[in-house]
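Coordinates from target-v2.cif are shown below (mmCIF, C-alpha atoms (C1' of nucleotides)).
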data_work
#
loop_
_atom_site.label_atom_id
_atom_site.label_comp_id
_atom_site.auth_asym_id
_atom_site.auth_seq_id
_atom_site.Cartn_x
_atom_site.Cartn_y
_atom_site.Cartn_z
CA MET L 1 59.41 -43.60 -10.18
CA ASN L 2 58.93 -41.05 -12.83
CA VAL L 3 61.70 -39.33 -14.69
CA VAL L 4 61.76 -36.74 -17.44
CA ASN L 5 61.48 -39.48 -20.02
CA GLU L 6 59.82 -39.16 -23.37
CA SER L 7 57.48 -42.12 -23.46
CA PRO L 8 54.74 -42.12 -26.10
CA ARG L 9 52.18 -42.22 -23.32
CA ARG L 10 53.59 -39.00 -21.95
CA LYS L 11 53.21 -37.32 -25.31
CA GLU L 12 49.58 -38.30 -25.48
CA LEU L 13 48.97 -37.02 -21.96
CA THR L 14 50.68 -33.76 -22.83
CA ARG L 15 48.33 -33.31 -25.76
CA LEU L 16 45.30 -33.82 -23.56
CA ALA L 17 46.68 -31.46 -20.94
CA ALA L 18 47.13 -28.74 -23.56
CA GLN L 19 43.47 -28.97 -24.45
CA LEU L 20 42.35 -28.66 -20.84
CA PHE L 21 44.74 -25.79 -20.14
CA VAL L 22 43.20 -23.89 -23.03
CA GLN L 23 39.64 -24.61 -21.95
CA GLU L 24 40.06 -23.81 -18.26
CA GLY L 25 43.36 -22.07 -17.83
CA PHE L 26 46.32 -23.62 -16.05
CA ASP L 27 45.43 -22.58 -12.52
CA ARG L 28 41.84 -23.74 -12.79
CA THR L 29 42.78 -27.09 -14.25
CA THR L 30 43.13 -29.46 -11.29
CA VAL L 31 45.19 -32.62 -11.33
CA ARG L 32 41.94 -34.50 -10.84
CA MET L 33 40.50 -32.98 -14.01
CA LEU L 34 43.65 -33.85 -15.90
CA ALA L 35 43.57 -37.41 -14.61
CA GLN L 36 39.93 -37.91 -15.52
CA GLU L 37 40.51 -36.63 -19.04
CA MET L 38 43.36 -39.10 -19.33
CA GLY L 39 41.29 -41.97 -18.00
CA ILE L 40 43.36 -42.55 -14.88
CA LYS L 41 43.22 -41.51 -11.22
CA SER L 42 44.87 -38.37 -9.96
CA GLY L 43 47.60 -40.22 -8.10
CA SER L 44 48.72 -42.08 -11.20
CA LEU L 45 49.42 -38.81 -12.92
CA PHE L 46 52.54 -38.30 -10.86
CA HIS L 47 54.09 -41.37 -12.32
CA HIS L 48 54.45 -39.50 -15.62
CA PHE L 49 55.15 -36.00 -14.38
CA ARG L 50 57.04 -34.84 -11.33
CA ASP L 51 54.44 -32.20 -10.57
CA LYS L 52 51.79 -30.04 -12.19
CA GLN L 53 54.38 -27.49 -13.28
CA GLU L 54 56.17 -30.11 -15.34
CA ILE L 55 53.01 -30.78 -17.33
CA LEU L 56 52.79 -27.13 -18.25
CA ALA L 57 56.45 -27.06 -19.23
CA ALA L 58 55.98 -30.17 -21.37
CA VAL L 59 53.04 -28.62 -23.21
CA ILE L 60 54.88 -25.40 -23.95
CA GLU L 61 58.10 -27.14 -24.92
CA GLU L 62 56.38 -29.32 -27.47
CA GLY L 63 54.42 -26.47 -29.00
CA THR L 64 57.41 -24.19 -29.37
CA GLN L 65 59.64 -26.96 -30.62
CA ASN L 66 57.15 -27.84 -33.34
CA ALA L 67 56.77 -24.24 -34.43
CA LEU L 68 60.51 -23.83 -34.63
CA THR L 69 60.95 -27.00 -36.65
CA LEU L 70 58.19 -26.06 -39.03
CA ALA L 71 59.59 -22.58 -39.55
CA HIS L 72 63.07 -23.92 -40.30
CA GLN L 73 61.62 -26.40 -42.73
CA ALA L 74 59.55 -23.75 -44.49
CA LEU L 75 62.58 -21.53 -44.94
CA GLU L 76 64.59 -24.35 -46.46
CA GLU L 77 61.89 -25.31 -48.91
CA CYS L 78 61.08 -21.85 -50.21
CA GLY L 79 62.91 -19.65 -52.65
CA ASP L 80 65.66 -17.18 -51.85
CA SER L 81 63.84 -13.90 -52.37
CA ALA L 82 62.94 -11.82 -49.34
CA ASP L 83 59.34 -11.83 -50.43
CA GLU L 84 59.15 -15.60 -50.63
CA ARG L 85 60.84 -16.04 -47.27
CA LEU L 86 58.48 -13.60 -45.61
CA HIS L 87 55.52 -15.47 -47.03
CA ALA L 88 56.97 -18.79 -45.97
CA MET L 89 57.39 -17.69 -42.36
CA ALA L 90 53.89 -16.26 -42.12
CA ARG L 91 52.43 -19.36 -43.69
CA ALA L 92 54.32 -21.66 -41.37
CA HIS L 93 53.22 -19.69 -38.33
CA LEU L 94 49.58 -19.85 -39.29
CA GLN L 95 49.73 -23.48 -40.21
CA THR L 96 50.93 -24.42 -36.74
CA LEU L 97 47.77 -22.80 -35.45
CA LEU L 98 45.83 -25.42 -37.36
CA THR L 99 47.81 -28.43 -36.28
CA ASP L 100 48.96 -27.40 -32.84
CA ARG L 101 46.67 -24.64 -31.70
CA ASN L 102 46.23 -25.71 -28.09
CA ALA L 103 49.90 -25.87 -27.30
CA HIS L 104 50.38 -22.45 -28.83
CA VAL L 105 47.62 -20.81 -26.89
CA VAL L 106 49.07 -22.25 -23.72
CA ALA L 107 52.54 -21.00 -24.59
CA LEU L 108 51.18 -17.52 -25.17
CA TYR L 109 48.82 -17.18 -22.26
CA GLU L 110 50.21 -19.38 -19.50
CA TRP L 111 53.88 -18.54 -19.89
CA ARG L 112 53.88 -16.57 -16.67
CA ARG L 113 52.75 -19.59 -14.67
CA LEU L 114 56.04 -21.33 -15.37
CA ASP L 115 58.44 -21.34 -12.47
CA ALA L 116 61.81 -19.67 -12.82
CA ALA L 117 63.70 -22.83 -13.76
CA ALA L 118 61.34 -23.91 -16.53
CA ARG L 119 61.12 -20.37 -17.86
CA ALA L 120 64.88 -20.10 -18.16
CA HIS L 121 65.02 -23.35 -20.06
CA LEU L 122 62.17 -22.59 -22.41
CA SER L 123 62.99 -18.99 -23.14
CA HIS L 124 65.87 -20.19 -25.29
CA LEU L 125 63.47 -22.01 -27.56
CA ARG L 126 61.19 -19.01 -27.79
CA ASP L 127 64.06 -16.66 -28.48
CA ALA L 128 65.28 -18.91 -31.26
CA TYR L 129 61.89 -18.65 -32.93
CA GLU L 130 61.72 -14.89 -32.57
CA GLU L 131 65.23 -14.49 -33.90
CA LEU L 132 64.24 -16.44 -36.96
CA TRP L 133 61.53 -13.88 -37.59
CA GLU L 134 63.83 -10.97 -37.01
CA ARG L 135 66.34 -12.37 -39.46
CA VAL L 136 63.74 -12.72 -42.21
CA ILE L 137 62.50 -9.22 -41.50
CA ASP L 138 66.05 -7.93 -41.68
CA GLU L 139 66.36 -9.48 -45.12
CA ALA L 140 63.12 -7.85 -46.20
CA LEU L 141 64.38 -4.50 -44.95
CA ALA L 142 67.68 -4.92 -46.74
CA ALA L 143 65.87 -5.83 -49.94
CA GLY L 144 63.79 -2.68 -49.67
CA LEU L 145 60.63 -4.75 -49.47
CA ILE L 146 59.55 -3.11 -46.24
CA HIS L 147 60.62 0.03 -44.43
CA GLY L 148 60.89 1.19 -40.86
CA ASP L 149 62.55 0.31 -37.60
CA ARG L 150 63.79 -3.26 -37.44
CA PHE L 151 62.75 -3.81 -33.85
CA LEU L 152 59.35 -2.22 -34.13
CA VAL L 153 58.38 -3.90 -37.36
CA SER L 154 59.18 -7.35 -36.03
CA ARG L 155 57.17 -6.71 -32.86
CA PHE L 156 54.21 -5.45 -34.82
CA VAL L 157 54.30 -8.45 -37.10
CA MET L 158 54.62 -10.90 -34.23
CA GLY L 159 51.73 -9.19 -32.51
CA ALA L 160 49.50 -9.37 -35.54
CA LEU L 161 50.31 -13.05 -35.98
CA ASN L 162 50.00 -14.09 -32.35
CA TRP L 163 46.71 -12.28 -32.07
CA THR L 164 45.25 -14.56 -34.71
CA VAL L 165 44.67 -17.28 -32.11
CA ARG L 166 41.92 -15.06 -30.73
CA TRP L 167 39.82 -14.82 -33.82
CA TYR L 168 41.01 -17.24 -36.48
CA ASP L 169 38.53 -19.97 -37.28
CA PRO L 170 40.16 -22.98 -38.95
CA GLU L 171 36.73 -24.09 -40.17
CA GLY L 172 36.09 -20.76 -41.86
CA ALA L 173 36.60 -19.81 -45.45
CA ARG L 174 39.94 -18.12 -44.99
CA LYS L 175 42.92 -20.41 -45.39
CA PRO L 176 46.31 -19.85 -43.70
CA ASP L 177 47.81 -19.04 -47.06
CA ASP L 178 45.27 -16.26 -47.57
CA LEU L 179 46.09 -14.74 -44.21
CA ALA L 180 49.80 -14.95 -44.80
CA HIS L 181 49.42 -13.30 -48.17
CA GLU L 182 47.25 -10.52 -46.80
CA LEU L 183 49.59 -9.82 -43.92
CA VAL L 184 52.64 -9.59 -46.13
CA ALA L 185 50.73 -7.38 -48.56
CA MET L 186 49.82 -5.08 -45.70
CA ILE L 187 53.36 -4.47 -44.52
CA THR L 188 55.08 -4.38 -47.88
CA SER L 189 54.72 -1.29 -49.99
CA SER L 190 52.85 -3.04 -52.72
CA SER L 191 49.82 -1.19 -53.97
CA ARG L 192 47.74 -4.08 -55.20
CA ALA L 193 44.17 -4.14 -53.92
CA SER L 194 42.45 -7.41 -53.08
CA MET P 1 25.53 -4.66 3.00
CA ASN P 2 27.46 -4.00 -0.11
CA VAL P 3 25.90 -3.07 -3.41
CA VAL P 4 27.31 -2.34 -6.84
CA ASN P 5 27.86 1.25 -5.78
CA GLU P 6 30.57 3.51 -7.11
CA SER P 7 32.17 4.83 -3.94
CA PRO P 8 35.57 6.51 -4.26
CA ARG P 9 36.99 3.86 -1.96
CA ARG P 10 35.88 1.20 -4.37
CA LYS P 11 37.65 2.91 -7.22
CA GLU P 12 40.87 2.97 -5.26
CA LEU P 13 40.53 -0.69 -4.37
CA THR P 14 39.89 -1.51 -8.01
CA ARG P 15 43.11 0.19 -8.99
CA LEU P 16 45.08 -1.81 -6.45
CA ALA P 17 43.40 -5.02 -7.54
CA ALA P 18 44.40 -4.36 -11.14
CA GLN P 19 48.03 -4.14 -10.12
CA LEU P 20 47.92 -7.42 -8.23
CA PHE P 21 46.05 -9.19 -11.02
CA VAL P 22 48.81 -8.20 -13.41
CA GLN P 23 51.57 -9.27 -11.06
CA GLU P 24 50.12 -12.61 -10.05
CA GLY P 25 47.27 -13.37 -12.38
CA PHE P 26 43.64 -13.44 -11.31
CA ASP P 27 43.50 -17.03 -10.13
CA ARG P 28 46.65 -16.78 -8.07
CA THR P 29 45.63 -13.56 -6.42
CA THR P 30 43.86 -14.57 -3.21
CA VAL P 31 41.34 -12.42 -1.43
CA ARG P 32 43.83 -12.28 1.44
CA MET P 33 46.50 -10.82 -0.81
CA LEU P 34 44.04 -8.27 -2.12
CA ALA P 35 42.97 -7.32 1.38
CA GLN P 36 46.53 -6.92 2.60
CA GLU P 37 47.44 -4.71 -0.34
CA MET P 38 44.42 -2.60 0.50
CA GLY P 39 45.30 -2.40 4.17
CA ILE P 40 42.22 -4.23 5.40
CA LYS P 41 41.32 -7.78 6.41
CA SER P 42 40.02 -10.30 3.94
CA GLY P 43 36.52 -10.31 5.37
CA SER P 44 36.14 -6.56 4.96
CA LEU P 45 36.72 -6.92 1.25
CA PHE P 46 33.27 -8.35 0.78
CA HIS P 47 31.75 -5.17 2.02
CA HIS P 48 32.87 -3.49 -1.20
CA PHE P 49 32.49 -6.34 -3.66
CA ARG P 50 29.97 -9.14 -3.76
CA ASP P 51 32.64 -11.68 -4.62
CA LYS P 52 36.04 -12.03 -6.23
CA GLN P 53 34.54 -12.13 -9.69
CA GLU P 54 33.05 -8.70 -9.20
CA ILE P 55 36.49 -7.25 -8.54
CA LEU P 56 37.73 -8.59 -11.84
CA ALA P 57 34.70 -7.21 -13.64
CA ALA P 58 35.24 -3.80 -12.02
CA VAL P 59 38.87 -3.70 -13.14
CA ILE P 60 38.06 -4.61 -16.71
CA GLU P 61 35.08 -2.30 -16.92
CA GLU P 62 37.10 0.70 -15.82
CA GLY P 63 39.97 -0.01 -18.16
CA THR P 64 37.81 -0.51 -21.20
CA GLN P 65 35.63 2.47 -20.39
CA ASN P 66 38.67 4.72 -20.15
CA ALA P 67 40.10 3.46 -23.42
CA LEU P 68 36.80 4.07 -25.16
CA THR P 69 36.46 7.57 -23.77
CA LEU P 70 40.02 8.46 -24.74
CA ALA P 71 39.57 7.14 -28.25
CA HIS P 72 36.38 9.12 -28.75
CA GLN P 73 38.07 12.22 -27.47
CA ALA P 74 41.08 11.73 -29.73
CA LEU P 75 38.86 11.39 -32.78
CA GLU P 76 37.01 14.58 -31.96
CA GLU P 77 40.13 16.59 -31.48
CA CYS P 78 42.00 15.52 -34.59
CA GLY P 79 41.56 16.55 -38.19
CA ASP P 80 39.22 15.00 -40.74
CA SER P 81 41.70 13.21 -42.99
CA ALA P 82 41.87 9.43 -42.82
CA ASP P 83 45.56 9.66 -42.12
CA GLU P 84 45.09 11.94 -39.14
CA ARG P 85 42.29 9.82 -37.72
CA LEU P 86 44.37 6.66 -38.04
CA HIS P 87 47.21 8.33 -36.22
CA ALA P 88 44.91 9.64 -33.54
CA MET P 89 43.50 6.20 -32.79
CA ALA P 90 46.90 4.55 -32.61
CA ARG P 91 48.22 7.34 -30.40
CA ALA P 92 45.23 7.12 -28.06
CA HIS P 93 45.58 3.37 -27.76
CA LEU P 94 49.24 3.57 -26.85
CA GLN P 95 48.71 6.41 -24.46
CA THR P 96 46.25 4.41 -22.41
CA LEU P 97 49.02 1.88 -21.97
CA LEU P 98 50.95 4.56 -20.13
CA THR P 99 48.19 5.80 -17.89
CA ASP P 100 46.16 2.65 -17.44
CA ARG P 101 48.41 -0.24 -18.25
CA ASN P 102 47.36 -2.59 -15.47
CA ALA P 103 43.68 -2.48 -16.24
CA HIS P 104 44.44 -3.14 -19.89
CA VAL P 105 46.64 -6.09 -19.29
CA VAL P 106 43.95 -7.57 -17.09
CA ALA P 107 41.29 -6.97 -19.73
CA LEU P 108 43.41 -8.72 -22.32
CA TYR P 109 44.69 -11.67 -20.35
CA GLU P 110 42.04 -12.41 -17.74
CA TRP P 111 38.98 -11.94 -19.89
CA ARG P 112 38.28 -15.65 -19.92
CA ARG P 113 38.09 -15.77 -16.13
CA LEU P 114 34.95 -13.65 -16.21
CA ASP P 115 31.76 -15.59 -15.62
CA ALA P 116 29.10 -15.66 -18.30
CA ALA P 117 27.04 -12.79 -16.88
CA ALA P 118 29.92 -10.36 -16.54
CA ARG P 119 31.26 -11.31 -19.93
CA ALA P 120 27.96 -10.57 -21.60
CA HIS P 121 27.80 -7.18 -19.96
CA LEU P 122 31.38 -6.19 -20.74
CA SER P 123 31.58 -7.49 -24.27
CA HIS P 124 29.41 -4.57 -25.35
CA LEU P 125 32.03 -2.15 -24.16
CA ARG P 126 34.80 -4.04 -25.88
CA ASP P 127 32.84 -4.33 -29.11
CA ALA P 128 32.22 -0.60 -29.09
CA TYR P 129 35.95 -0.01 -28.93
CA GLU P 130 36.72 -2.46 -31.71
CA GLU P 131 34.00 -1.01 -33.88
CA LEU P 132 35.57 2.39 -33.50
CA TRP P 133 38.76 0.96 -34.91
CA GLU P 134 36.99 -0.75 -37.76
CA ARG P 135 35.27 2.46 -38.70
CA VAL P 136 38.53 4.38 -38.88
CA ILE P 137 40.08 1.60 -40.90
CA ASP P 138 37.11 1.64 -43.24
CA GLU P 139 37.72 5.32 -43.81
CA ALA P 140 41.38 4.68 -44.54
CA LEU P 141 40.42 1.99 -47.01
CA ALA P 142 37.92 4.27 -48.70
CA ALA P 143 40.52 7.02 -48.92
CA GLY P 144 42.93 4.59 -50.58
CA LEU P 145 45.37 5.06 -47.74
CA ILE P 146 45.57 1.34 -47.07
CA HIS P 147 44.55 -1.72 -49.05
CA GLY P 148 43.28 -5.17 -48.30
CA ASP P 149 40.48 -6.96 -46.58
CA ARG P 150 38.60 -4.81 -44.09
CA PHE P 151 38.23 -7.56 -41.51
CA LEU P 152 41.75 -8.86 -41.75
CA VAL P 153 43.44 -5.48 -41.66
CA SER P 154 41.61 -4.43 -38.53
CA ARG P 155 42.49 -7.70 -36.77
CA PHE P 156 46.12 -7.40 -37.73
CA VAL P 157 46.27 -3.83 -36.49
CA MET P 158 44.54 -4.67 -33.22
CA GLY P 159 46.94 -7.55 -32.76
CA ALA P 160 50.00 -5.43 -33.34
CA LEU P 161 48.72 -2.83 -30.90
CA ASN P 162 47.57 -5.18 -28.17
CA TRP P 163 50.82 -7.06 -28.34
CA THR P 164 52.67 -3.90 -27.32
CA VAL P 165 51.82 -4.53 -23.67
CA ARG P 166 54.26 -7.42 -23.81
CA TRP P 167 57.32 -5.46 -24.80
CA TYR P 168 56.66 -1.73 -24.60
CA ASP P 169 58.72 0.03 -21.96
CA PRO P 170 57.24 3.40 -20.95
CA GLU P 171 60.61 4.37 -19.47
CA GLY P 172 62.40 3.69 -22.74
CA ALA P 173 63.33 6.11 -25.47
CA ARG P 174 60.39 5.38 -27.74
CA LYS P 175 57.36 7.54 -27.15
CA PRO P 176 53.77 6.49 -27.89
CA ASP P 177 53.69 9.00 -30.73
CA ASP P 178 56.72 7.35 -32.32
CA LEU P 179 55.11 3.94 -32.16
CA ALA P 180 51.85 5.21 -33.56
CA HIS P 181 53.66 6.88 -36.41
CA GLU P 182 55.71 3.80 -37.19
CA LEU P 183 52.69 1.54 -37.15
CA VAL P 184 50.68 3.73 -39.48
CA ALA P 185 53.69 4.05 -41.77
CA MET P 186 53.96 0.28 -41.88
CA ILE P 187 50.42 -0.37 -43.02
CA THR P 188 50.00 2.57 -45.34
CA SER P 189 51.60 2.42 -48.76
CA SER P 190 53.95 5.26 -48.07
CA SER P 191 57.53 4.64 -49.12
CA ARG P 192 59.35 6.89 -46.70
CA ALA P 193 62.17 5.24 -44.78
CA SER P 194 62.85 6.14 -41.15
"C1'" DG B 1 61.40 -68.81 -12.50
"C1'" DG B 2 62.57 -65.24 -9.93
"C1'" DT B 3 63.32 -60.17 -10.27
"C1'" DT B 4 62.58 -55.97 -12.12
"C1'" DT B 5 59.93 -52.39 -14.34
"C1'" DA B 6 55.96 -49.61 -15.93
"C1'" DC B 7 51.66 -48.23 -14.82
"C1'" DA B 8 47.84 -48.02 -12.24
"C1'" DC B 9 45.12 -47.97 -7.83
"C1'" DT B 10 43.23 -46.46 -2.90
"C1'" DA B 11 43.34 -43.48 0.74
"C1'" DG B 12 44.22 -39.48 2.77
"C1'" DC B 13 47.40 -35.65 4.74
"C1'" DG B 14 48.21 -30.91 5.32
"C1'" DC B 15 47.17 -26.76 3.61
"C1'" DT B 16 44.73 -22.91 1.18
"C1'" DT B 17 40.79 -21.27 -0.89
"C1'" DG B 18 36.57 -18.03 -1.31
"C1'" DC B 19 33.34 -16.60 1.53
"C1'" DT B 20 30.18 -16.11 5.90
"C1'" DT B 21 28.91 -14.79 10.41
"C1'" DG B 22 28.33 -11.83 14.21
"C1'" DG B 23 29.97 -8.00 16.26
"C1'" DT B 24 32.56 -3.21 16.94
"C1'" DT B 25 33.70 1.46 15.68
"C1'" DG B 26 33.30 6.31 14.55
"C1'" DA B 27 31.10 9.67 11.74
"C1'" DT B 28 26.62 11.69 10.13
"C1'" DC B 29 21.85 12.86 10.34
"C1'" DT B 30 17.42 14.09 12.72
"C1'" DA Y 1 20.47 11.92 22.28
"C1'" DG Y 2 19.14 8.39 19.71
"C1'" DA Y 3 19.22 6.12 15.24
"C1'" DT Y 4 21.53 5.03 11.04
"C1'" DC Y 5 25.11 3.66 8.28
"C1'" DA Y 6 29.51 2.60 5.99
"C1'" DA Y 7 33.61 0.47 7.08
"C1'" DC Y 8 36.10 -2.66 9.33
"C1'" DC Y 9 37.63 -6.94 12.28
"C1'" DA Y 10 38.15 -11.73 14.40
"C1'" DA Y 11 37.16 -16.28 13.77
"C1'" DG Y 12 36.26 -19.99 11.21
"C1'" DC Y 13 33.61 -23.28 7.94
"C1'" DA Y 14 33.26 -26.35 4.03
"C1'" DA Y 15 35.31 -27.47 0.01
"C1'" DG Y 16 38.94 -28.21 -2.83
"C1'" DC Y 17 43.82 -28.20 -3.71
"C1'" DG Y 18 48.58 -30.54 -5.00
"C1'" DC Y 19 50.82 -34.24 -3.76
"C1'" DT Y 20 52.46 -38.63 -1.11
"C1'" DA Y 21 52.61 -43.33 0.66
"C1'" DG Y 22 51.87 -47.84 0.13
"C1'" DT Y 23 50.04 -51.59 -2.68
"C1'" DG Y 24 48.58 -54.50 -6.79
"C1'" DT Y 25 49.50 -56.46 -11.28
"C1'" DA Y 26 50.81 -57.78 -15.74
"C1'" DA Y 27 54.47 -57.69 -18.97
"C1'" DA Y 28 59.61 -57.76 -19.81
"C1'" DC Y 29 64.06 -59.27 -18.67
"C1'" DC Y 30 68.05 -62.28 -17.04
#
structure tokens encoding of this file:
Amino acid sequence: MNVVNESPRRKELTRLAAQLFVQEGFDRTTVRMLAQEMGIKSGSLFHHFRDKQEILAAVIEEGTQNALTLAHQALEECGDSADERLHAMARAHLQTLLTDRNAHVVALYEWRRLDAAARAHLSHLRDAYEELWERVIDEALAAGLIHGDRFLVSRFVMGALNWTVRWYDPEGARKPDDLAHELVAMITSSSRAS
Amino acid sequence: MNVVNESPRRKELTRLAAQLFVQEGFDRTTVRMLAQEMGIKSGSLFHHFRDKQEILAAVIEEGTQNALTLAHQALEECGDSADERLHAMARAHLQTLLTDRNAHVVALYEWRRLDAAARAHLSHLRDAYEELWERVIDEALAAGLIHGDRFLVSRFVMGALNWTVRWYDPEGARKPDDLAHELVAMITSSSRAS
DNA sequence: GGTTTACACTAGCGCTTGCTTGGTTGATCT
DNA sequence: AGATCAACCAAGCAAGCGCTAGTGTAAACC
């Protein structure tokens, strides 16, 4: 019987599922498609996951967990100034899009397909990540680096960043660091032109 | 037989479909649900639309068309300064979220469910809207109102604005004009605090 | 060396899906 | 008065859906 274990096989399957969910969307991805991609038959899939919902939850949990870890790490490694911390957060966010893009896209666009139980569980993770952003933005406000309403500014910034998954091309010339720098320059009152 | 006509009934059905697509998502909205919401039987639905895809296309087309019309109108009515034009665009965008929210959410989140033919047709409309934004941002750059990379700034702004559908509460205290003002203040180099 | 465990298979059940078919109604036009 | 037409309904088909039941097998464990 399957449980909610964390076998390495399950991790690999979750990664493959994320890719398919991005390509086709959760609802259009059938268990048979998932199984084929994984090289097994559809019945065998339910040895690893209780049901299709649990696969979605696993994908989103991993993606959000990674983003949170990376953001924490970035904040610890950077300097203390509000400017540096703002840069670090933006850079970390964009870097996860390179390493973990699929899981992120799923988290953003298939969130509503989670059932109530999974959503309750995962919203804590998501909130933790958003609160991290709000804290850094608070610091930037306090330091006089940016101005405006705390709530609105953080939403605008999150929107600008999350929207990047729609157009950002990892193969292109622009590096995550460039984007992070440009974004921070846009919202701070600096007057340097690029 | 049904054609791609523009009967008033069809418009009404499109509006109802938009609401259901937002509530449930396109894939989870069955033709039976749509029919019930419209007060008819599922078979009768195919008198008005060739297939389910066409309903989605109709919803998105209307929403985007309206947004484009409103933006054009706003630009004509406002002053000539880059600042005024920036404000006008932001205000128009947020106002459509009040009057036409459902269609917009569908356009943003169910775009990928369009088949290739519909997508090709509708992408022209969407591009026209985005180009309008880029033009206004170009003007703001030329006027020295904002700084940075033309492409990046417009993407960031579009992201911040489109993300509003996730958190903006039309019943709340914040009015579209407030948001528009705050957003423009954030990206321009003004140093006024609010 | 016997038992357990992890992982996979085959086969298919019960249900829902988008869509079709053939026919009925009431208003409008000639 | 007859013809036309948009709008609807009842019934159902073929395909696909998530998921289950029961079995096989090789490695791991006591």
Distance filter 12 Å, all atoms listed in the file, chain L against chain B, as a ChimeraX atom specification: /L:1-3,7,9-10,35,39-48
Tell me which protein, DNA and RNA residues are within 12 Å of Glu131 of chain P, counting all atoms listed in the file, leaving out same-chain ones fewer than 3 positions away, and put them as a VMD selection string. chain P and resid 68 71 to 72 89 123 to 128 134 to 138 150 to 151 154 to 155 158
Quote the spacing between atom CA of Phe21 of chain P and atom CA of Thr64 of chain P in Å to one decimal place.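 Calculated distance between atom CA of Phe21 of chain P and atom CA of Thr64 of chain P is 15.7 Å.
Our summary of the geometry notes that atom CA of Lys52 of chain P is positioned 26.6 Å from atom CA of Ala17 of chain L.
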Based on all atoms listed in the file, which of the residues in chain Y come within 8 Å of chain L? I want them as JSON, numbers by chain. {"Y": [17, 18, 19]}
What would the selection look like, as an NGL selection string, if the PyMOL selection byres ((chain P) within 9 of (chain L)) were run on the coordinates I just shared? :P and (24-25 or 27-28 or 109 or 112-113 or 146-149 or 152-153 or 155-164 or 167 or 179 or 182-183 or 185-194)
Atom CA of Ile55 of chain L to atom CA of Thr14 of chain L, distance in Å rounded to a single decimal: 6.7 Å
